[in-house]
Amino acid sequence: MKSVWYCTECEARITSEEIDQHEEDGHHVRGQIQPDRLLGNDPHNVTVLTQDELDNKGGE
């Protein structure tokens, strides 16, 4: 997993080691975690077919 951390008070990216110190200082820390690989059934990675495309597949 890859993670990115951002302190909103400092308006800067921080490392995961710095999170506790920023929070102890009363700062708000935001994080984003990204998996190393995407799963095949991930809804963000799957192409959604429109109803037209589904209807046309039935006639093939």
# chains A, B, ... in the order shown; residues from 1 in each chain; ligands from 1
call {"tool": "residues_around", "arguments": {"residues": "segment 29-34 of chain A", "least_positions_apart": "3", "cutoff": "6 Å", "atoms": "only C-alpha atoms", "output": "PyMOL selection string"}}
result
chain A and resi 1-7
call {"tool": "write_last_selection", "arguments": {"atoms": "N, CA and C atoms", "output": "short mmCIF file (atom, residue, chain, number, x, y, z; two decimals), in the first residue's frame"}}
result
data_model
loop_
_atom_site.label_atom_id
_atom_site.label_comp_id
_atom_site.auth_asym_id
_atom_site.auth_seq_id
_atom_site.Cartn_x
_atom_site.Cartn_y
_atom_site.Cartn_z
N MET A 1 0.83 -1.18 0.00
CA MET A 1 0.00 0.00 0.00
C MET A 1 0.88 1.25 0.00
N LYS A 2 0.42 2.23 -0.71
CA LYS A 2 1.10 3.52 -0.74
C LYS A 2 0.21 4.52 -0.01
N SER A 3 0.79 5.35 0.82
CA SER A 3 0.00 6.34 1.54
C SER A 3 0.62 7.72 1.39
N VAL A 4 -0.26 8.71 1.32
CA VAL A 4 0.16 10.11 1.24
C VAL A 4 -0.55 10.85 2.36
N TRP A 5 0.20 11.62 3.14
CA TRP A 5 -0.35 12.33 4.30
C TRP A 5 -0.16 13.83 4.11
N TYR A 6 -1.16 14.60 4.57
CA TYR A 6 -1.16 16.05 4.38
C TYR A 6 -1.66 16.72 5.65
N CYS A 7 -0.91 17.70 6.15
CA CYS A 7 -1.33 18.48 7.32
C CYS A 7 -2.01 19.74 6.81
#
call {"tool": "atom_distance", "arguments": {"atom1": "atom CA of Thr8 of chain A", "atom2": "atom CA of Asp36 of chain A"}}
result
25.7 Å
call {"tool": "atom_distance", "arguments": {"atom1": "atom CA of Glu9 of chain A", "atom2": "atom CA of His28 of chain A"}}
result
6.6 Å
